[in-house]
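**Q** Supplied in structure tokens, the structure appears directly below.
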Amino acid sequence: MKKIAIIGAGGFGREVACLINAINEKSKEWDFIGFFDDVKDIGYENEYGKVLGRIKDLNSYPESLGVVIAIAKPSAIEVIVKSITSPNIYFPNLIAPNVIFFDKNNISLGRGNIISFGCSISCNVHIGNFNILNCCILIGHDTKIGDYNAIMPSTNISGNVTMGERNFLGVSSVILEKLTIGNDTTIGANSLIFRNTKDKNTYIGNPASIVKL
């Protein structure tokens with residue numbers, strides 16, 4: 001089995017540990033060694049493992065290690081990725097066993113993506129790097145998703161949607177078809193996006209509108 005560690009020992013990190021366990025139930029693929037975390041004390045332990053060190057310690061890890069970033073803040077994910085320079089570290093895609101791909105031969109994935117339980121992904125979908133697709137997300141046909149996006153549970157992304165980088169989509173948000181979500185956009189829970197968004201803004205409501213926080 002290949003060694004793997006999780007960055008982030010909080011609630012989402014524990015969910016990713018569950019995901020690794022579910023993958024291993026299907027086929028023994030991963031040897032989970034523990035967590036790396038800049039907030040929790042080294043040695044802190046939850047039901048899945050211990051905090052082994054800080055994120056900076058990964059650059060001195062002496063052998064090949066798969067790393068999953070379980071932090072649902074897009075800008076933080078990007079900073080962490082750029083801070084890890086060791087050739088021993090690589091970023092696999094983690095995909096829950098019950099994810100539905102309408103056409104596996106018509107999907108492309110970059111690296112470091114987390115696709116959690118209950119997601120459904122249609123045809124001709126292209127997903128970049130370091131995206132979080134939390135539970136029960138629906139992605140329609142001909143959709144393109146860039147890098148460092150965090151998409152929370154039960155979000156529905158319709159067909160022909162284009163999404164850029166570092167966007168956060170709240171629980172049960174809906175993106176209607178043929179829209180563009182640019183960069184650094186926050187969409188609140190239960191919000192309906194019915195027109196293209198403007199970068200670096202927060203949208204809340206049904207229909208959603210810009211909110212100044």
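Identifiers in the structure tokens: chain A, B, ... in order shown; residue index from 1 per chain; ligand index from 1 in order shown.
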Per residue of stretch 63-126 of chain A within 12 Å of stretch 146-151 of chain A, record the nearest atom pair and its distance in Å to one decimal, counting only C-alpha atoms, with rows in chain order and ascending residue number, as JSON lines.

**A**
```
{"residue": "A:Ile69", "atom": "CA", "partner": "A:Tyr148", "partner_atom": "CA", "distance": 10.5}
{"residue": "A:Ala70", "atom": "CA", "partner": "A:Ala150", "partner_atom": "CA", "distance": 10.3}
{"residue": "A:Ile71", "atom": "CA", "partner": "A:Ala150", "partner_atom": "CA", "distance": 8.9}
{"residue": "A:Ala72", "atom": "CA", "partner": "A:Ala150", "partner_atom": "CA", "distance": 5.8}
{"residue": "A:Lys73", "atom": "CA", "partner": "A:Ala150", "partner_atom": "CA", "distance": 6.8}
{"residue": "A:Pro74", "atom": "CA", "partner": "A:Tyr148", "partner_atom": "CA", "distance": 5.1}
{"residue": "A:Ser75", "atom": "CA", "partner": "A:Tyr148", "partner_atom": "CA", "distance": 7.3}
{"residue": "A:Ala76", "atom": "CA", "partner": "A:Tyr148", "partner_atom": "CA", "distance": 9.0}
{"residue": "A:Ile77", "atom": "CA", "partner": "A:Tyr148", "partner_atom": "CA", "distance": 6.5}
{"residue": "A:Glu78", "atom": "CA", "partner": "A:Tyr148", "partner_atom": "CA", "distance": 6.4}
{"residue": "A:Val79", "atom": "CA", "partner": "A:Tyr148", "partner_atom": "CA", "distance": 10.1}
{"residue": "A:Ile80", "atom": "CA", "partner": "A:Tyr148", "partner_atom": "CA", "distance": 10.9}
{"residue": "A:Val81", "atom": "CA", "partner": "A:Tyr148", "partner_atom": "CA", "distance": 9.8}
{"residue": "A:Lys82", "atom": "CA", "partner": "A:Tyr148", "partner_atom": "CA", "distance": 11.8}
{"residue": "A:Ser108", "atom": "CA", "partner": "A:Gly146", "partner_atom": "CA", "distance": 11.5}
{"residue": "A:Leu109", "atom": "CA", "partner": "A:Gly146", "partner_atom": "CA", "distance": 10.2}
{"residue": "A:Gly110", "atom": "CA", "partner": "A:Asp147", "partner_atom": "CA", "distance": 8.8}
{"residue": "A:Arg111", "atom": "CA", "partner": "A:Asp147", "partner_atom": "CA", "distance": 9.6}
{"residue": "A:Gly112", "atom": "CA", "partner": "A:Tyr148", "partner_atom": "CA", "distance": 9.4}
{"residue": "A:Asn113", "atom": "CA", "partner": "A:Tyr148", "partner_atom": "CA", "distance": 8.9}
{"residue": "A:Ile114", "atom": "CA", "partner": "A:Ala150", "partner_atom": "CA", "distance": 9.6}
{"residue": "A:Ile115", "atom": "CA", "partner": "A:Ile151", "partner_atom": "CA", "distance": 9.9}
{"residue": "A:Ser116", "atom": "CA", "partner": "A:Ile151", "partner_atom": "CA", "distance": 10.6}
{"residue": "A:Cys119", "atom": "CA", "partner": "A:Ile151", "partner_atom": "CA", "distance": 11.2}
{"residue": "A:Val125", "atom": "CA", "partner": "A:Gly146", "partner_atom": "CA", "distance": 11.1}
{"residue": "A:His126", "atom": "CA", "partner": "A:Gly146", "partner_atom": "CA", "distance": 8.2}
```

**Q** Skip A:Asn46 itself and residues of its chain fewer than 3 positions away, then list as a tab-separated table (two decimals) with C-alpha atoms, in the first residue's frame all residues within 12 Å of it, counting only C-alpha atoms.

**A**
```tsv
chain	number	residue	atom	x	y	z
A	8	GLY	CA	-5.81	19.35	8.56
A	9	ALA	CA	-6.92	17.30	11.57
A	10	GLY	CA	-10.27	19.04	12.08
A	11	GLY	CA	-13.73	17.87	11.10
A	13	GLY	CA	-9.80	16.03	7.90
A	14	ARG	CA	-11.67	13.32	9.79
A	15	GLU	CA	-14.17	13.05	6.93
A	17	ALA	CA	-9.93	9.84	6.77
A	34	GLY	CA	-1.59	10.52	10.23
A	35	PHE	CA	-2.18	14.27	10.02
A	40	LYS	CA	-3.45	21.54	16.62
A	41	ASP	CA	-0.64	20.39	18.90
A	42	ILE	CA	1.81	17.82	17.60
A	43	GLY	CA	0.71	14.54	19.16
A	49	GLY	CA	-4.77	9.21	13.85
A	50	LYS	CA	-2.27	11.66	15.32
A	51	VAL	CA	-0.86	15.01	14.28
```

**Q** Residues of stretch 33-116 of chain A in strand (DSSP E) according to DSSP, as JSON, numbers by chain?

**A** {"A": [33, 34, 35, 36, 51, 52, 53, 65, 66, 67, 68, 69, 89, 90, 94, 95, 100, 101, 107, 108, 109, 114, 115]}

**Q** Of the candidates A:Arg195, A:Arg166, A:Lys104, A:Lys2, which one gets nearest to A:Ala208 if we count only C-alpha atoms?

**A**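 Of all the options, A:Arg195 lies closest to A:Ala208.
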
**Q** Identify, on the basis of only C-alpha atoms, every residue whose closest approach to A:Asp31 does not exceed 9 Å; exclude the query and any residue fewer than 2 positions from it along the same chain; express the result as a PDB file with C-alpha atoms, in the first residue's frame.

**A**
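Generated output (part_1.pdb):
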```
ATOM      1  CA  MET A   1       0.000   0.000   0.000  1.00  0.00           C
ATOM      2  CA  LYS A   2       1.056   3.585  -0.613  1.00  0.00           C
ATOM      3  CA  LYS A   3       1.591   5.919   2.343  1.00  0.00           C
ATOM      4  CA  ILE A   4      -0.777   8.865   2.633  1.00  0.00           C
ATOM      5  CA  ALA A   5      -1.234  11.780   5.072  1.00  0.00           C
ATOM      6  CA  ILE A  20      -9.627   6.779   2.747  1.00  0.00           C
ATOM      7  CA  ASN A  24      -9.481   0.716   1.329  1.00  0.00           C
ATOM      8  CA  LYS A  28      -6.252  -1.961  -0.057  1.00  0.00           C
ATOM      9  CA  GLU A  29      -4.694   1.116  -1.615  1.00  0.00           C
ATOM     10  CA  ILE A  33       0.094   7.509   8.569  1.00  0.00           C
TER      11      ILE A  33
END
```

**Q** Ranking A:Thr143, A:Ser173, A:Ser120, A:Asn131 by minimum distance to A:Ala96 and counting only C-alpha atoms, which one comes first?

**A**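 Closest to A:Ala96 of all the choices is A:Ser120.
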
**Q** Can you list, as a PDB file with all heavy atoms, in the first residue's frame, every residue of chain A that DSSP puts in alpha helix (DSSP H)?

**A**
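Wrote part-v1.pdb, looks like this:
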```
ATOM      1  N   GLY A  11     -12.591  18.670  11.529  1.00  0.00           N
ATOM      2  CA  GLY A  11     -13.730  17.872  11.105  1.00  0.00           C
ATOM      3  C   GLY A  11     -13.624  17.377   9.676  1.00  0.00           C
ATOM      4  O   GLY A  11     -13.915  16.207   9.393  1.00  0.00           O
ATOM      5  N   PHE A  12     -13.209  18.246   8.752  1.00  0.00           N
ATOM      6  CA  PHE A  12     -13.110  17.807   7.376  1.00  0.00           C
ATOM      7  C   PHE A  12     -11.973  16.809   7.194  1.00  0.00           C
ATOM      8  O   PHE A  12     -12.074  15.866   6.405  1.00  0.00           O
ATOM      9  CB  PHE A  12     -12.947  18.994   6.431  1.00  0.00           C
ATOM     10  CG  PHE A  12     -13.003  18.614   4.976  1.00  0.00           C
ATOM     11  CD1 PHE A  12     -14.006  17.779   4.498  1.00  0.00           C
ATOM     12  CD2 PHE A  12     -12.066  19.096   4.083  1.00  0.00           C
ATOM     13  CE1 PHE A  12     -14.061  17.421   3.160  1.00  0.00           C
ATOM     14  CE2 PHE A  12     -12.115  18.753   2.747  1.00  0.00           C
ATOM     15  CZ  PHE A  12     -13.108  17.908   2.283  1.00  0.00           C
ATOM     16  N   GLY A  13     -10.881  17.005   7.944  1.00  0.00           N
ATOM     17  CA  GLY A  13      -9.800  16.030   7.902  1.00  0.00           C
ATOM     18  C   GLY A  13     -10.266  14.648   8.333  1.00  0.00           C
ATOM     19  O   GLY A  13      -9.880  13.623   7.751  1.00  0.00           O
ATOM     20  N   ARG A  14     -11.120  14.598   9.343  1.00  0.00           N
ATOM     21  CA  ARG A  14     -11.672  13.325   9.791  1.00  0.00           C
ATOM     22  C   ARG A  14     -12.578  12.714   8.729  1.00  0.00           C
ATOM     23  O   ARG A  14     -12.593  11.499   8.519  1.00  0.00           O
ATOM     24  CB  ARG A  14     -12.412  13.521  11.102  1.00  0.00           C
ATOM     25  CG  ARG A  14     -11.462  13.863  12.263  1.00  0.00           C
ATOM     26  CD  ARG A  14     -12.172  14.482  13.447  1.00  0.00           C
ATOM     27  NE  ARG A  14     -13.184  13.594  13.972  1.00  0.00           N
ATOM     28  CZ  ARG A  14     -14.432  13.979  14.283  1.00  0.00           C
ATOM     29  NH1 ARG A  14     -14.786  15.254  14.098  1.00  0.00           N
ATOM     30  NH2 ARG A  14     -15.278  13.133  14.780  1.00  0.00           N
ATOM     31  N   GLU A  15     -13.346  13.555   8.026  1.00  0.00           N
ATOM     32  CA  GLU A  15     -14.168  13.046   6.932  1.00  0.00           C
ATOM     33  C   GLU A  15     -13.302  12.456   5.818  1.00  0.00           C
ATOM     34  O   GLU A  15     -13.655  11.427   5.227  1.00  0.00           O
ATOM     35  CB  GLU A  15     -15.052  14.152   6.373  1.00  0.00           C
ATOM     36  CG  GLU A  15     -16.188  14.556   7.298  1.00  0.00           C
ATOM     37  CD  GLU A  15     -17.127  15.565   6.650  1.00  0.00           C
ATOM     38  OE1 GLU A  15     -16.800  16.080   5.563  1.00  0.00           O
ATOM     39  OE2 GLU A  15     -18.187  15.825   7.238  1.00  0.00           O
ATOM     40  N   VAL A  16     -12.185  13.098   5.524  1.00  0.00           N
ATOM     41  CA  VAL A  16     -11.287  12.564   4.496  1.00  0.00           C
ATOM     42  C   VAL A  16     -10.678  11.241   4.960  1.00  0.00           C
ATOM     43  O   VAL A  16     -10.496  10.317   4.149  1.00  0.00           O
ATOM     44  CB  VAL A  16     -10.202  13.595   4.136  1.00  0.00           C
ATOM     45  CG1 VAL A  16      -9.149  12.978   3.222  1.00  0.00           C
ATOM     46  CG2 VAL A  16     -10.831  14.804   3.457  1.00  0.00           C
ATOM     47  N   ALA A  17     -10.399  11.128   6.246  1.00  0.00           N
ATOM     48  CA  ALA A  17      -9.929   9.835   6.774  1.00  0.00           C
ATOM     49  C   ALA A  17     -10.986   8.756   6.564  1.00  0.00           C
ATOM     50  O   ALA A  17     -10.660   7.611   6.204  1.00  0.00           O
ATOM     51  CB  ALA A  17      -9.569   9.965   8.251  1.00  0.00           C
ATOM     52  N   CYS A  18     -12.260   9.110   6.758  1.00  0.00           N
ATOM     53  CA  CYS A  18     -13.347   8.167   6.466  1.00  0.00           C
ATOM     54  C   CYS A  18     -13.335   7.772   4.998  1.00  0.00           C
ATOM     55  O   CYS A  18     -13.575   6.598   4.651  1.00  0.00           O
ATOM     56  CB  CYS A  18     -14.699   8.784   6.814  1.00  0.00           C
ATOM     57  SG  CYS A  18     -15.014   9.027   8.567  1.00  0.00           S
ATOM     58  N   LEU A  19     -13.090   8.735   4.131  1.00  0.00           N
ATOM     59  CA  LEU A  19     -13.036   8.470   2.696  1.00  0.00           C
ATOM     60  C   LEU A  19     -11.909   7.498   2.361  1.00  0.00           C
ATOM     61  O   LEU A  19     -12.093   6.555   1.571  1.00  0.00           O
ATOM     62  CB  LEU A  19     -12.873   9.787   1.950  1.00  0.00           C
ATOM     63  CG  LEU A  19     -12.676   9.745   0.433  1.00  0.00           C
ATOM     64  CD1 LEU A  19     -13.781   8.955  -0.243  1.00  0.00           C
ATOM     65  CD2 LEU A  19     -12.604  11.160  -0.127  1.00  0.00           C
ATOM     66  N   ILE A  20     -10.749   7.703   2.967  1.00  0.00           N
ATOM     67  CA  ILE A  20      -9.627   6.779   2.747  1.00  0.00           C
ATOM     68  C   ILE A  20     -10.001   5.374   3.210  1.00  0.00           C
ATOM     69  O   ILE A  20      -9.728   4.377   2.524  1.00  0.00           O
ATOM     70  CB  ILE A  20      -8.368   7.291   3.467  1.00  0.00           C
ATOM     71  CG1 ILE A  20      -7.862   8.565   2.790  1.00  0.00           C
ATOM     72  CG2 ILE A  20      -7.268   6.224   3.487  1.00  0.00           C
ATOM     73  CD1 ILE A  20      -6.763   9.279   3.545  1.00  0.00           C
ATOM     74  N   ASN A  21     -10.661   5.267   4.364  1.00  0.00           N
ATOM     75  CA  ASN A  21     -11.093   3.955   4.854  1.00  0.00           C
ATOM     76  C   ASN A  21     -12.058   3.284   3.878  1.00  0.00           C
ATOM     77  O   ASN A  21     -11.984   2.074   3.635  1.00  0.00           O
ATOM     78  CB  ASN A  21     -11.751   4.087   6.227  1.00  0.00           C
ATOM     79  CG  ASN A  21     -10.756   4.381   7.332  1.00  0.00           C
ATOM     80  OD1 ASN A  21      -9.561   4.171   7.161  1.00  0.00           O
ATOM     81  ND2 ASN A  21     -11.242   4.864   8.450  1.00  0.00           N
ATOM     82  N   ALA A  22     -12.979   4.081   3.311  1.00  0.00           N
ATOM     83  CA  ALA A  22     -13.952   3.524   2.368  1.00  0.00           C
ATOM     84  C   ALA A  22     -13.263   3.026   1.095  1.00  0.00           C
ATOM     85  O   ALA A  22     -13.639   1.981   0.536  1.00  0.00           O
ATOM     86  CB  ALA A  22     -15.006   4.566   2.036  1.00  0.00           C
ATOM     87  N   ILE A  23     -12.265   3.764   0.624  1.00  0.00           N
ATOM     88  CA  ILE A  23     -11.503   3.321  -0.547  1.00  0.00           C
ATOM     89  C   ILE A  23     -10.792   2.012  -0.242  1.00  0.00           C
ATOM     90  O   ILE A  23     -10.792   1.077  -1.057  1.00  0.00           O
ATOM     91  CB  ILE A  23     -10.509   4.418  -0.978  1.00  0.00           C
ATOM     92  CG1 ILE A  23     -11.265   5.647  -1.516  1.00  0.00           C
ATOM     93  CG2 ILE A  23      -9.535   3.892  -2.030  1.00  0.00           C
ATOM     94  CD1 ILE A  23     -10.391   6.860  -1.723  1.00  0.00           C
ATOM     95  N   ASN A  24     -10.204   1.934   0.951  1.00  0.00           N
ATOM     96  CA  ASN A  24      -9.481   0.716   1.329  1.00  0.00           C
ATOM     97  C   ASN A  24     -10.390  -0.484   1.506  1.00  0.00           C
ATOM     98  O   ASN A  24      -9.950  -1.634   1.362  1.00  0.00           O
ATOM     99  CB  ASN A  24      -8.682   0.955   2.613  1.00  0.00           C
ATOM    100  CG  ASN A  24      -7.403   1.731   2.364  1.00  0.00           C
ATOM    101  OD1 ASN A  24      -6.908   1.781   1.235  1.00  0.00           O
ATOM    102  ND2 ASN A  24      -6.862   2.338   3.403  1.00  0.00           N
ATOM    103  N   GLU A  25     -11.657  -0.260   1.826  1.00  0.00           N
ATOM    104  CA  GLU A  25     -12.594  -1.375   1.929  1.00  0.00           C
ATOM    105  C   GLU A  25     -12.836  -2.021   0.569  1.00  0.00           C
ATOM    106  O   GLU A  25     -13.114  -3.223   0.490  1.00  0.00           O
ATOM    107  CB  GLU A  25     -13.923  -0.894   2.530  1.00  0.00           C
ATOM    108  CG  GLU A  25     -13.841  -0.610   4.026  1.00  0.00           C
ATOM    109  CD  GLU A  25     -15.132  -0.044   4.577  1.00  0.00           C
ATOM    110  OE1 GLU A  25     -16.118   0.065   3.805  1.00  0.00           O
ATOM    111  OE2 GLU A  25     -15.172   0.296   5.779  1.00  0.00           O
ATOM    112  N   LYS A  26     -12.730  -1.215  -0.486  1.00  0.00           N
ATOM    113  CA  LYS A  26     -12.894  -1.751  -1.844  1.00  0.00           C
ATOM    114  C   LYS A  26     -11.612  -2.421  -2.334  1.00  0.00           C
ATOM    115  O   LYS A  26     -11.644  -3.493  -2.924  1.00  0.00           O
ATOM    116  CB  LYS A  26     -13.296  -0.624  -2.794  1.00  0.00           C
ATOM    117  CG  LYS A  26     -14.622   0.036  -2.461  1.00  0.00           C
ATOM    118  CD  LYS A  26     -15.806  -0.825  -2.824  1.00  0.00           C
ATOM    119  CE  LYS A  26     -16.009  -0.886  -4.316  1.00  0.00           C
ATOM    120  NZ  LYS A  26     -17.242  -1.621  -4.683  1.00  0.00           N
ATOM    121  N   PRO A  74     -10.346  28.040  -0.038  1.00  0.00           N
ATOM    122  CA  PRO A  74      -9.598  28.008  -1.300  1.00  0.00           C
ATOM    123  C   PRO A  74      -8.248  28.713  -1.265  1.00  0.00           C
ATOM    124  O   PRO A  74      -7.254  28.173  -1.756  1.00  0.00           O
ATOM    125  CB  PRO A  74     -10.564  28.673  -2.278  1.00  0.00           C
ATOM    126  CG  PRO A  74     -11.918  28.337  -1.747  1.00  0.00           C
ATOM    127  CD  PRO A  74     -11.767  28.414  -0.252  1.00  0.00           C
ATOM    128  N   SER A  75      -8.184  29.919  -0.723  1.00  0.00           N
ATOM    129  CA  SER A  75      -6.910  30.644  -0.720  1.00  0.00           C
ATOM    130  C   SER A  75      -5.863  29.930   0.121  1.00  0.00           C
ATOM    131  O   SER A  75      -4.674  29.924  -0.219  1.00  0.00           O
ATOM    132  CB  SER A  75      -7.116  32.074  -0.210  1.00  0.00           C
ATOM    133  OG  SER A  75      -7.653  32.074   1.106  1.00  0.00           O
ATOM    134  N   ALA A  76      -6.292  29.302   1.217  1.00  0.00           N
ATOM    135  CA  ALA A  76      -5.358  28.560   2.071  1.00  0.00           C
ATOM    136  C   ALA A  76      -4.822  27.332   1.349  1.00  0.00           C
ATOM    137  O   ALA A  76      -3.638  26.990   1.478  1.00  0.00           O
ATOM    138  CB  ALA A  76      -6.041  28.160   3.370  1.00  0.00           C
ATOM    139  N   ILE A  77      -5.684  26.662   0.585  1.00  0.00           N
ATOM    140  CA  ILE A  77      -5.233  25.497  -0.169  1.00  0.00           C
ATOM    141  C   ILE A  77      -4.116  25.897  -1.131  1.00  0.00           C
ATOM    142  O   ILE A  77      -3.085  25.230  -1.222  1.00  0.00           O
ATOM    143  CB  ILE A  77      -6.406  24.872  -0.943  1.00  0.00           C
ATOM    144  CG1 ILE A  77      -7.483  24.351   0.020  1.00  0.00           C
ATOM    145  CG2 ILE A  77      -5.909  23.728  -1.839  1.00  0.00           C
ATOM    146  CD1 ILE A  77      -8.764  23.934  -0.673  1.00  0.00           C
ATOM    147  N   GLU A  78      -4.307  27.005  -1.827  1.00  0.00           N
ATOM    148  CA  GLU A  78      -3.294  27.447  -2.784  1.00  0.00           C
ATOM    149  C   GLU A  78      -1.973  27.762  -2.091  1.00  0.00           C
ATOM    150  O   GLU A  78      -0.897  27.374  -2.572  1.00  0.00           O
ATOM    151  CB  GLU A  78      -3.798  28.665  -3.551  1.00  0.00           C
ATOM    152  CG  GLU A  78      -2.831  29.133  -4.626  1.00  0.00           C
ATOM    153  CD  GLU A  78      -3.367  30.295  -5.441  1.00  0.00           C
ATOM    154  OE1 GLU A  78      -4.234  31.042  -4.922  1.00  0.00           O
ATOM    155  OE2 GLU A  78      -2.924  30.456  -6.584  1.00  0.00           O
ATOM    156  N   VAL A  79      -2.027  28.436  -0.956  1.00  0.00           N
ATOM    157  CA  VAL A  79      -0.801  28.773  -0.213  1.00  0.00           C
ATOM    158  C   VAL A  79      -0.083  27.498   0.227  1.00  0.00           C
ATOM    159  O   VAL A  79       1.147  27.382   0.117  1.00  0.00           O
ATOM    160  CB  VAL A  79      -1.140  29.654   1.004  1.00  0.00           C
ATOM    161  CG1 VAL A  79       0.067  29.788   1.926  1.00  0.00           C
ATOM    162  CG2 VAL A  79      -1.593  31.042   0.542  1.00  0.00           C
ATOM    163  N   ILE A  80      -0.835  26.526   0.730  1.00  0.00           N
ATOM    164  CA  ILE A  80      -0.229  25.280   1.193  1.00  0.00           C
ATOM    165  C   ILE A  80       0.451  24.553   0.041  1.00  0.00           C
ATOM    166  O   ILE A  80       1.593  24.085   0.162  1.00  0.00           O
ATOM    167  CB  ILE A  80      -1.288  24.387   1.864  1.00  0.00           C
ATOM    168  CG1 ILE A  80      -1.726  24.992   3.189  1.00  0.00           C
ATOM    169  CG2 ILE A  80      -0.747  22.968   2.078  1.00  0.00           C
ATOM    170  CD1 ILE A  80      -2.969  24.351   3.771  1.00  0.00           C
ATOM    171  N   VAL A  81      -0.238  24.442  -1.087  1.00  0.00           N
ATOM    172  CA  VAL A  81       0.340  23.742  -2.238  1.00  0.00           C
ATOM    173  C   VAL A  81       1.657  24.382  -2.649  1.00  0.00           C
ATOM    174  O   VAL A  81       2.655  23.685  -2.896  1.00  0.00           O
ATOM    175  CB  VAL A  81      -0.650  23.744  -3.417  1.00  0.00           C
ATOM    176  CG1 VAL A  81       0.025  23.244  -4.695  1.00  0.00           C
ATOM    177  CG2 VAL A  81      -1.856  22.866  -3.089  1.00  0.00           C
ATOM    178  N   LYS A  82       1.699  25.696  -2.697  1.00  0.00           N
ATOM    179  CA  LYS A  82       2.902  26.387  -3.138  1.00  0.00           C
ATOM    180  C   LYS A  82       4.037  26.311  -2.121  1.00  0.00           C
ATOM    181  O   LYS A  82       5.196  26.531  -2.475  1.00  0.00           O
ATOM    182  CB  LYS A  82       2.567  27.843  -3.467  1.00  0.00           C
ATOM    183  CG  LYS A  82       1.689  27.972  -4.714  1.00  0.00           C
ATOM    184  CD  LYS A  82       1.348  29.411  -5.032  1.00  0.00           C
ATOM    185  CE  LYS A  82       0.517  29.509  -6.308  1.00  0.00           C
ATOM    186  NZ  LYS A  82       0.133  30.892  -6.652  1.00  0.00           N
ATOM    187  N   SER A  83       3.696  25.973  -0.862  1.00  0.00           N
ATOM    188  CA  SER A  83       4.731  25.865   0.172  1.00  0.00           C
ATOM    189  C   SER A  83       5.399  24.497   0.202  1.00  0.00           C
ATOM    190  O   SER A  83       6.438  24.332   0.840  1.00  0.00           O
ATOM    191  CB  SER A  83       4.130  26.168   1.549  1.00  0.00           C
ATOM    192  OG  SER A  83       3.310  25.093   1.992  1.00  0.00           O
TER     193      SER A  83
END
```

**Q** Determine the nearest neighbour of A:Asp142 from the options A:Glu177, A:Asp38, A:Glu165, A:Asp199, counting only C-alpha atoms.

**A**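 Distance minimum relative to A:Asp142 lands on A:Glu177.
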
**Q** Go through A:Pro207, A:Pro92, A:Pro62, A:Gly164 one by one, measure the shortest atom-to-atom distance of each to A:Ile181 using only C-alpha atoms, and give the residue with the smallest value.

**A**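 For A:Ile181, the nearest of the candidates is A:Gly164.
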
**Q** Would you kindly return, as a list in words, each protein, DNA or RNA residue with an atom no farther than 7 Å from any atom of stretch 158-162 of chain A, considering only C-alpha atoms and excluding same-chain residues fewer than 5 positions away?

**A** Ile139, Gly140, His141, Asp142, Thr143, Lys144, Ile145, Ile175, Leu176, Glu177, Lys178, Leu179, Thr180 and Ile181 of chain A

**Q** From the list A:Leu169, A:Ile157, A:Val99, A:Cys123, which residue is nearest A:Cys135 when using only C-alpha atoms?

**A**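 Smallest separation from A:Cys135 among the options: A:Val99.
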